[in-house]
There are 4 protein chains.
Amino acid sequence: MDGKEKILAAARKVISKHGSNRATVRAIAEEAGLSTGAIYHYYKNKDDILYDLLDDSLSDSTRIAKGIHQQEGTKTKIKLDVLQKTEERFYKEAENRLQYHFAHEILLGNKDLQGKFQEKYKEWNLRIEEILVNLYGLEDTRLNKALTSWLLGAVDGVILQHLLEVNETSVDDMMEVFQLLLDKGLPQFVAVLNEEE
Amino acid sequence: MDGKEKILAAARKVISKHGSNRATVRAIAEEAGLSTGAIYHYYKNKDDILYDLLDDSLSDSTRIAKGIHQQEGTKTKIKLDVLQKTEERFYKEAENRLQYHFAHEILLGNKDLQGKFQEKYKEWNLRIEEILVNLYGLEDTRLNKALTSWLLGAVDGVILQHLLEVNETSVDDMMEVFQLLLDKGLPQFVAVLNEEE
Amino acid sequence: MDGKEKILAAARKVISKHGSNRATVRAIAEEAGLSTGAIYHYYKNKDDILYDLLDDSLSDSTRIAKGIHQQEGTKTKIKLDVLQKTEERFYKEAENRLQYHFAHEILLGNKDLQGKFQEKYKEWNLRIEEILVNLYGLEDTRLNKALTSWLLGAVDGVILQHLLEVNETSVDDMMEVFQLLLDKGLPQFVAVLNEEE
Amino acid sequence: MDGKEKILAAARKVISKHGSNRATVRAIAEEAGLSTGAIYHYYKNKDDILYDLLDDSLSDSTRIAKGIHQQEGTKTKIKLDVLQKTEERFYKEAENRLQYHFAHEILLGNKDLQGKFQEKYKEWNLRIEEILVNLYGLEDTRLNKALTSWLLGAVDGVILQHLLEVNETSVDDMMEVFQLLLDKGLPQFVAVLNEEE
DNA sequence: TATGAATGAGGTTTCATTCAT
DNA sequence: AATGAATGAAACCTCATTCAT
């Protein structure tokens, strides 16, 4: 593991352990077994570390999204895959924390990050749309993007509830409703949308 | 406008303009036309200002939630009300930013705040459940709380997308899908849930 | 009780309760049931309050010292009186704290206070000398002032030990040794001093 | 001289020049030729600097106390040693100021410091007792600790008088009386105590 | 007399970043 | 490559004092 990787791993660990506010350069350096000065041999500044971290995290998500699509299976298999990947997200605390750390950064005015997020959201929406087309025959309606945004938002919102520990419902119950949505809710709702046009 | 109100207004303004990290005591004081010392005449410390802000914001939300329920109208009227309140949330930037600021604080380990959020989420879930019962005849199923959590999460997640400016879909389109959900999606999905038991 | 008295009483209470560091003008004002502004009608500044307080405290001590001397009694009676007044000092926590508060102020460079303390120490040394003359026939030796300073210092030092709670010995034991000093130690030691000349 | 030592030396200097209240981090940093931030490279916070200073000062005192005892000399030599160390204490202004600074801190409620002082006082009392046993044949009486506390208190009290500059008597005169006490006062007074039992 | 809002200097602390070694 | 001492700006907070009312 070379310098940059070591630093990224350390940053990930520090953020998921102590939150992004405690992710000082010094803390990252210590976790990486380096001096603070050494950090600056690999990265121009702290933000660059976080950018790299985000890139990793985002390309991870994209890989998953792509993974779902590339599965050439029956509809049942795809649905199972979606279910599984979604459930896994509940348990990826480090990644989730990281994601919300970056969201926070954007809220503070970081335009670079915002650009990256915009791209990624566009891509995720696209993936979800493809899945909806494959699974439920969603047509090319005016409201496609709104639907995928709601679905994406729902997962994000619910993940946040779990991170914050403000949702008393078990992950199992949450997933059961999600499965019902995939099995019985969405087929009908996609039909509604298709008719609208 | 007395001291505390002036400070709260200034804090709200600073947060919605520059984000919560730039909401320093100095910045708030300047915005309020006060010296930093004067702030401490009214508030013991910075956190107390933000807590007050949160309380305002949360009790606002609760007031809205209660407002919807207490409307003794036809189902159509209740639905209209829900739609309107939801749409309004998209435009309350200061409040929304504040909410995510506090979410961030909780992720950093603030247990007090977590307690407040837990309470509020419980209450909101209850309100949503009541509405679902009234509008769609939702019965007392095992998965009620999971459903309301998903709905609450969806709105939160979508609001975050708009704050982050990562959602290219217009608020109008988002609301149109939401209306379809209320009109045609939820009636059917609630029926699915009722049958499950 | 007029303004100044009320303020002095409040200051005394605050200092003995929370120590001199917490004796802020605001705290004193609150304890006195006044606003901070009102304090400045009675006193030019905070130091003046403390000066007055010191004057009170010092004249108290002096009154005691004088009281001992003015007692026209047998030597036994005077000794009993000295013993009693000394023992009482152990229990006057507020006054003792106050005294050490002012000592601290002097160490910080307050020259006015120093002048007052110098005067008082001179006076106390004089009183002690008178008592030694009366009780033990101390003559006018070159070392009289050194002896009285040691005696005065011993009491001050031991009082401080008790304030700090670093002296495990009971007040009773301390007083028993003090009594032995008065009864058997000093008569002989004064004789030693008288012979030295 | 490394960082910590430089800082401790600076702190000692600032305290003896301007008193403990003016011993701000800024002042210490300036005296040490450092920026304020640099201080925190070596010490977690200001208190830790002062604790280190106290430890130094206390272990110094203890070393002296032990030094006296370990001298295997004639009684005359031990007495000379005690006299010399005591006289030296009069001139260690920085250490003395420091001691009273910490006493003040204890009066403000610092329990940690109190614990350290309690330990040290216990130890010093023990040393003094040993010396009294060696020099004057003090037996194991009930009042031993009271006697040592008085002696310790006397020195502390007299040192304070000199710090406060309220004692007009010269150090020479004070020491002369102290010598008489060691030579003629204590032998007789210890005999009194031994008989008491 | 009395209030209490307001000031402003100065306190401790944090931390990204630089730089001599 | 690497160290870690050092910087300096900026954060929160305290408090004696002033002043319009």
# chains A, B, ... in the order shown; residues from 1 in each chain; ligands from 1
>>> calpha_fit_and_write(fixed="chain D", moving="chain A", output="tab-separated table (two decimals) with C-alpha atoms, in the first residue's frame")
chain	number	residue	atom	x	y	z
A	1	MET	CA	16.27	22.02	25.88
A	2	ASP	CA	13.24	20.47	24.24
A	3	GLY	CA	9.75	21.93	23.86
A	4	LYS	CA	8.26	21.03	27.22
A	5	GLU	CA	11.30	22.17	29.14
A	6	LYS	CA	11.39	25.43	27.25
A	7	ILE	CA	7.76	26.01	28.04
A	8	LEU	CA	8.17	25.18	31.72
A	9	ALA	CA	11.14	27.50	32.03
A	10	ALA	CA	9.19	30.24	30.35
A	11	ALA	CA	6.18	29.69	32.61
A	12	ARG	CA	8.37	29.80	35.70
A	13	LYS	CA	9.89	33.05	34.55
A	14	VAL	CA	6.60	34.66	33.68
A	15	ILE	CA	5.00	33.72	36.97
A	16	SER	CA	7.88	34.91	39.08
A	17	LYS	CA	8.11	38.14	37.13
A	18	HIS	CA	4.50	39.13	36.73
A	19	GLY	CA	2.56	36.91	39.07
A	20	SER	CA	0.32	34.06	38.17
A	21	ASN	CA	-2.52	36.20	36.86
A	22	ARG	CA	-0.37	37.52	34.07
A	23	ALA	CA	0.81	34.06	33.20
A	24	THR	CA	-1.36	33.83	30.11
A	25	VAL	CA	-0.67	31.25	27.46
A	26	ARG	CA	0.34	34.04	25.15
A	27	ALA	CA	2.84	35.44	27.65
A	28	ILE	CA	4.35	32.01	28.23
A	29	ALA	CA	4.55	31.39	24.49
A	30	GLU	CA	6.29	34.70	23.90
A	31	GLU	CA	8.76	34.10	26.71
A	32	ALA	CA	9.46	30.66	25.24
A	33	GLY	CA	9.92	32.08	21.78
A	34	LEU	CA	7.00	30.07	20.46
A	35	SER	CA	3.61	30.87	19.03
A	36	THR	CA	0.54	30.27	21.15
A	37	GLY	CA	-0.49	27.51	18.84
A	38	ALA	CA	2.80	25.69	19.32
A	39	ILE	CA	2.15	25.44	23.03
A	40	TYR	CA	-0.73	23.12	22.29
A	41	HIS	CA	1.52	20.68	20.53
A	42	TYR	CA	3.26	20.03	23.79
A	43	TYR	CA	0.47	20.48	26.28
A	44	LYS	CA	-3.21	19.65	26.07
A	45	ASN	CA	-4.13	22.80	27.95
A	46	LYS	CA	-2.83	25.46	30.24
A	47	ASP	CA	-3.53	23.54	33.43
A	48	ASP	CA	-1.26	20.76	32.31
A	49	ILE	CA	1.60	23.19	32.07
A	50	LEU	CA	1.00	24.32	35.60
A	51	TYR	CA	0.75	20.75	36.83
A	52	ASP	CA	4.11	19.96	35.38
A	53	LEU	CA	5.46	23.09	36.92
A	54	LEU	CA	4.14	22.09	40.30
A	55	ASP	CA	5.57	18.60	39.99
A	56	ASP	CA	8.98	20.10	39.34
A	57	SER	CA	8.66	22.50	42.21
A	58	LEU	CA	7.44	19.86	44.61
A	59	SER	CA	10.02	17.28	43.70
A	60	ASP	CA	12.60	20.00	44.22
A	61	SER	CA	11.38	20.55	47.76
A	62	THR	CA	11.33	16.85	48.39
A	63	ARG	CA	14.86	16.49	47.14
A	64	ILE	CA	15.91	19.10	49.64
A	65	ALA	CA	14.01	17.39	52.43
A	66	LYS	CA	15.58	14.09	51.54
A	67	GLY	CA	18.95	15.76	51.23
A	68	ILE	CA	18.82	16.86	54.82
A	69	HIS	CA	18.00	13.44	56.06
A	70	GLN	CA	20.55	11.59	54.03
A	71	GLN	CA	23.34	13.65	55.42
A	72	GLU	CA	25.05	11.28	57.73
A	73	GLY	CA	26.51	13.73	60.09
A	74	THR	CA	26.61	14.75	63.65
A	75	LYS	CA	23.56	16.47	65.10
A	76	THR	CA	25.34	19.79	64.73
A	77	LYS	CA	25.85	19.19	61.06
A	78	ILE	CA	22.22	18.27	60.50
A	79	LYS	CA	21.09	21.36	62.36
A	80	LEU	CA	23.40	23.52	60.28
A	81	ASP	CA	21.95	21.96	57.19
A	82	VAL	CA	18.38	22.62	58.28
A	83	LEU	CA	19.27	26.20	59.07
A	84	GLN	CA	20.91	26.70	55.74
A	85	LYS	CA	18.10	25.18	53.68
A	86	THR	CA	15.54	27.20	55.57
A	87	GLU	CA	17.42	30.44	55.05
A	88	GLU	CA	17.72	29.65	51.37
A	89	ARG	CA	13.95	29.36	51.08
A	90	PHE	CA	13.61	33.03	51.97
A	91	TYR	CA	15.47	33.96	48.85
A	92	LYS	CA	13.82	31.62	46.36
A	93	GLU	CA	11.23	34.11	45.32
A	94	ALA	CA	10.18	32.41	42.10
A	95	GLU	CA	9.59	29.06	43.80
A	96	ASN	CA	7.76	30.66	46.68
A	97	ARG	CA	5.51	32.63	44.38
A	98	LEU	CA	4.81	29.49	42.46
A	99	GLN	CA	3.89	27.62	45.60
A	100	TYR	CA	1.41	30.31	46.59
A	101	HIS	CA	0.06	30.43	43.10
A	102	PHE	CA	-0.84	26.78	43.39
A	103	ALA	CA	-2.23	27.27	46.86
A	104	HIS	CA	-4.48	29.89	45.34
A	105	GLU	CA	-5.53	27.47	42.62
A	106	ILE	CA	-6.49	24.92	45.23
A	107	LEU	CA	-8.53	27.50	47.07
A	108	LEU	CA	-10.38	28.00	43.78
A	109	GLY	CA	-11.37	24.36	43.83
A	110	ASN	CA	-8.73	22.51	41.85
A	111	LYS	CA	-8.97	18.99	43.29
A	112	ASP	CA	-6.11	17.47	41.30
A	113	LEU	CA	-3.70	19.98	42.69
A	114	GLN	CA	-5.08	19.44	46.13
A	115	GLY	CA	-4.28	15.73	45.87
A	116	LYS	CA	-0.72	16.49	44.95
A	117	PHE	CA	-0.31	18.95	47.78
A	118	GLN	CA	-1.76	16.49	50.27
A	119	GLU	CA	0.79	13.90	49.28
A	120	LYS	CA	3.63	16.35	49.53
A	121	TYR	CA	2.61	17.70	52.89
A	122	LYS	CA	2.40	14.16	54.19
A	123	GLU	CA	5.91	13.55	52.98
A	124	TRP	CA	7.31	16.77	54.37
A	125	ASN	CA	5.73	16.12	57.75
A	126	LEU	CA	7.37	12.73	57.72
A	127	ARG	CA	10.77	14.23	57.00
A	128	ILE	CA	10.43	16.77	59.75
A	129	GLU	CA	9.37	14.04	62.13
A	130	GLU	CA	12.46	12.02	61.25
A	131	ILE	CA	14.64	15.01	61.90
A	132	LEU	CA	12.99	15.64	65.25
A	133	VAL	CA	13.49	11.99	66.14
A	134	ASN	CA	17.13	12.11	65.16
A	135	LEU	CA	17.96	15.44	66.72
A	136	TYR	CA	15.86	15.50	69.86
A	137	GLY	CA	14.75	11.93	70.45
A	138	LEU	CA	11.13	12.62	69.73
A	139	GLU	CA	9.13	9.52	70.58
A	140	ASP	CA	6.11	8.16	68.81
A	141	THR	CA	3.55	10.37	70.50
A	142	ARG	CA	-0.02	11.07	69.46
A	143	LEU	CA	0.85	14.69	68.79
A	144	ASN	CA	3.88	14.19	66.54
A	145	LYS	CA	2.01	15.14	63.38
A	146	ALA	CA	0.54	18.21	65.03
A	147	LEU	CA	4.00	19.38	66.01
A	148	THR	CA	5.48	18.90	62.56
A	149	SER	CA	2.48	20.66	61.01
A	150	TRP	CA	3.07	23.64	63.26
A	151	LEU	CA	6.71	23.79	62.31
A	152	LEU	CA	5.98	23.42	58.63
A	153	GLY	CA	3.19	26.00	58.90
A	154	ALA	CA	5.47	28.42	60.70
A	155	VAL	CA	8.00	28.38	57.90
A	156	ASP	CA	5.29	28.68	55.25
A	157	GLY	CA	3.61	31.53	57.10
A	158	VAL	CA	6.82	33.44	57.59
A	159	ILE	CA	7.84	32.96	53.97
A	160	LEU	CA	4.50	34.40	52.96
A	161	GLN	CA	5.09	37.42	55.18
A	162	HIS	CA	8.30	38.05	53.33
A	163	LEU	CA	6.75	37.60	49.92
A	164	LEU	CA	4.06	40.08	50.89
A	165	GLU	CA	6.70	42.38	52.37
A	166	VAL	CA	4.68	42.77	55.52
A	167	ASN	CA	7.44	41.61	57.83
A	168	GLU	CA	9.84	44.36	58.78
A	169	THR	CA	12.14	42.01	60.63
A	170	SER	CA	15.32	41.10	58.77
A	171	VAL	CA	15.90	37.56	57.56
A	172	ASP	CA	18.93	37.51	59.84
A	173	ASP	CA	16.84	38.18	62.92
A	174	MET	CA	14.25	35.65	61.83
A	175	MET	CA	16.97	33.06	61.37
A	176	GLU	CA	18.55	33.88	64.71
A	177	VAL	CA	15.30	33.08	66.49
A	178	PHE	CA	14.95	29.96	64.36
A	179	GLN	CA	18.40	28.86	65.43
A	180	LEU	CA	17.53	29.45	69.08
A	181	LEU	CA	14.43	27.37	68.50
A	182	LEU	CA	16.47	24.52	67.08
A	183	ASP	CA	19.15	24.78	69.75
A	184	LYS	CA	17.19	25.51	72.89
A	185	GLY	CA	13.47	25.63	72.23
A	186	LEU	CA	12.78	22.34	70.51
A	187	PRO	CA	14.92	20.09	72.76
A	188	GLN	CA	12.84	21.17	75.71
A	189	PHE	CA	9.51	21.17	73.86
A	190	VAL	CA	10.07	17.68	72.48
A	191	ALA	CA	10.75	16.56	76.03
A	192	VAL	CA	7.42	18.07	77.07
A	193	LEU	CA	5.67	16.13	74.34
A	194	ASN	CA	7.40	12.90	75.22
A	195	GLU	CA	6.30	13.29	78.85
A	196	GLU	CA	2.68	13.99	77.88
A	197	GLU	CA	2.02	10.41	76.87
>>> closest_atom_pairs(of="chain F", to="chain D", cutoff="9 Å", atoms="only C-alpha atoms (C1' of nucleotides)", output="Markdown table")
| residue | atom | partner | partner_atom | distance |
| --- | --- | --- | --- | --- |
| F:DA5 | C1' | D:Ala38 | CA | 7.6 |
| F:DA6 | C1' | D:Ala38 | CA | 5.7 |
| F:DT7 | C1' | D:Ser35 | CA | 6.7 |
| F:DG8 | C1' | D:Gly37 | CA | 7.8 |
>>> write_last_selection(atoms="N, CA and C atoms (P, O5', C5', C4', C3', O3' and C1' of nucleotides)", output="tab-separated table (two decimals), in the first residue's frame")
chain	number	residue	atom	x	y	z
F	5	DA	P	8.27	18.03	18.03
F	5	DA	O5'	8.87	19.50	18.08
F	5	DA	C5'	10.14	19.75	17.49
F	5	DA	C4'	10.16	21.15	16.88
F	5	DA	C3'	9.49	22.22	17.73
F	5	DA	O3'	10.26	23.39	17.59
F	5	DA	C1'	8.42	22.12	15.62
F	6	DA	P	9.91	24.64	18.46
F	6	DA	O5'	9.00	25.48	17.49
F	6	DA	C5'	9.61	26.02	16.31
F	6	DA	C4'	8.54	26.68	15.48
F	6	DA	C3'	7.61	27.63	16.24
F	6	DA	O3'	7.93	28.96	15.83
F	6	DA	C1'	6.43	26.26	14.68
F	7	DT	P	7.07	30.16	16.34
F	7	DT	O5'	5.99	30.31	15.19
F	7	DT	C5'	6.44	30.39	13.84
F	7	DT	C4'	5.26	30.53	12.91
F	7	DT	C3'	4.27	31.63	13.32
F	7	DT	O3'	4.15	32.52	12.24
F	7	DT	C1'	3.13	29.60	12.86
F	8	DG	P	3.86	34.04	12.45
F	8	DG	O5'	2.29	34.02	12.18
F	8	DG	C5'	1.81	33.42	10.99
F	8	DG	C4'	0.30	33.34	11.06
F	8	DG	C3'	-0.35	34.48	11.84
F	8	DG	O3'	-1.61	34.71	11.25
F	8	DG	C1'	-0.93	32.49	12.84
>>> interface_residues(of="chain E", to="chain A", cutoff="9 Å", atoms="only C-alpha atoms (C1' of nucleotides)", output="list in words")
DC15, DA16, DT17 and DT18 of chain E
>>> write_last_selection(atoms="C-alpha atoms (C1' of nucleotides)", output="PDB file, in the first residue's frame")
ATOM      1  C1'  DC E  15      -5.748  23.288  13.357  1.00  0.00           C
ATOM      2  C1'  DA E  16      -4.269  23.631   8.356  1.00  0.00           C
ATOM      3  C1'  DT E  17      -0.130  24.630   6.716  1.00  0.00           C
ATOM      4  C1'  DT E  18       4.964  25.675   6.254  1.00  0.00           C
TER       5       DT E  18
END
>>> atom_distance(atom1="C1' of DG10 in chain E", atom2="C1' of DA16 in chain F")
11.7 Å
>>> atom_distance(atom1="C1' of DT14 in chain E", atom2="C1' of DC13 in chain F")
14.3 Å
>>> atom_distance(atom1="C1' of DT13 in chain E", atom2="C1' of DT14 in chain F")
14.5 Å
>>> select_by_dssp(residues="chain A", states="alpha helix (DSSP H)", output="ChimeraX atom specification")
/A:3-18,25-32,36-42,46-70,75-91,93-107,111-136,144-164,171-180,186-196
>>> residues_around(residues="DC19 in chain F", least_positions_apart="4", cutoff="12 Å", atoms="only C-alpha atoms (C1' of nucleotides)", output="PyMOL selection string")
(chain C and resi 37+40) or (chain E and resi 3-7)
>>> write_last_selection(atoms="C-alpha atoms (C1' of nucleotides)", output="PDB file, in the first residue's frame")
ATOM      1  CA  GLY C  37     -24.978  48.880  36.778  1.00  0.00           C
ATOM      2  CA  TYR C  40     -21.222  51.353  40.050  1.00  0.00           C
TER       3      TYR C  40
ATOM      4  C1'  DT E   3     -31.487  49.072  34.990  1.00  0.00           C
ATOM      5  C1'  DG E   4     -29.501  45.827  31.853  1.00  0.00           C
ATOM      6  C1'  DA E   5     -27.970  45.924  27.107  1.00  0.00           C
ATOM      7  C1'  DA E   6     -23.791  46.554  25.035  1.00  0.00           C
ATOM      8  C1'  DT E   7     -18.809  46.924  24.470  1.00  0.00           C
TER       9       DT E   7
END
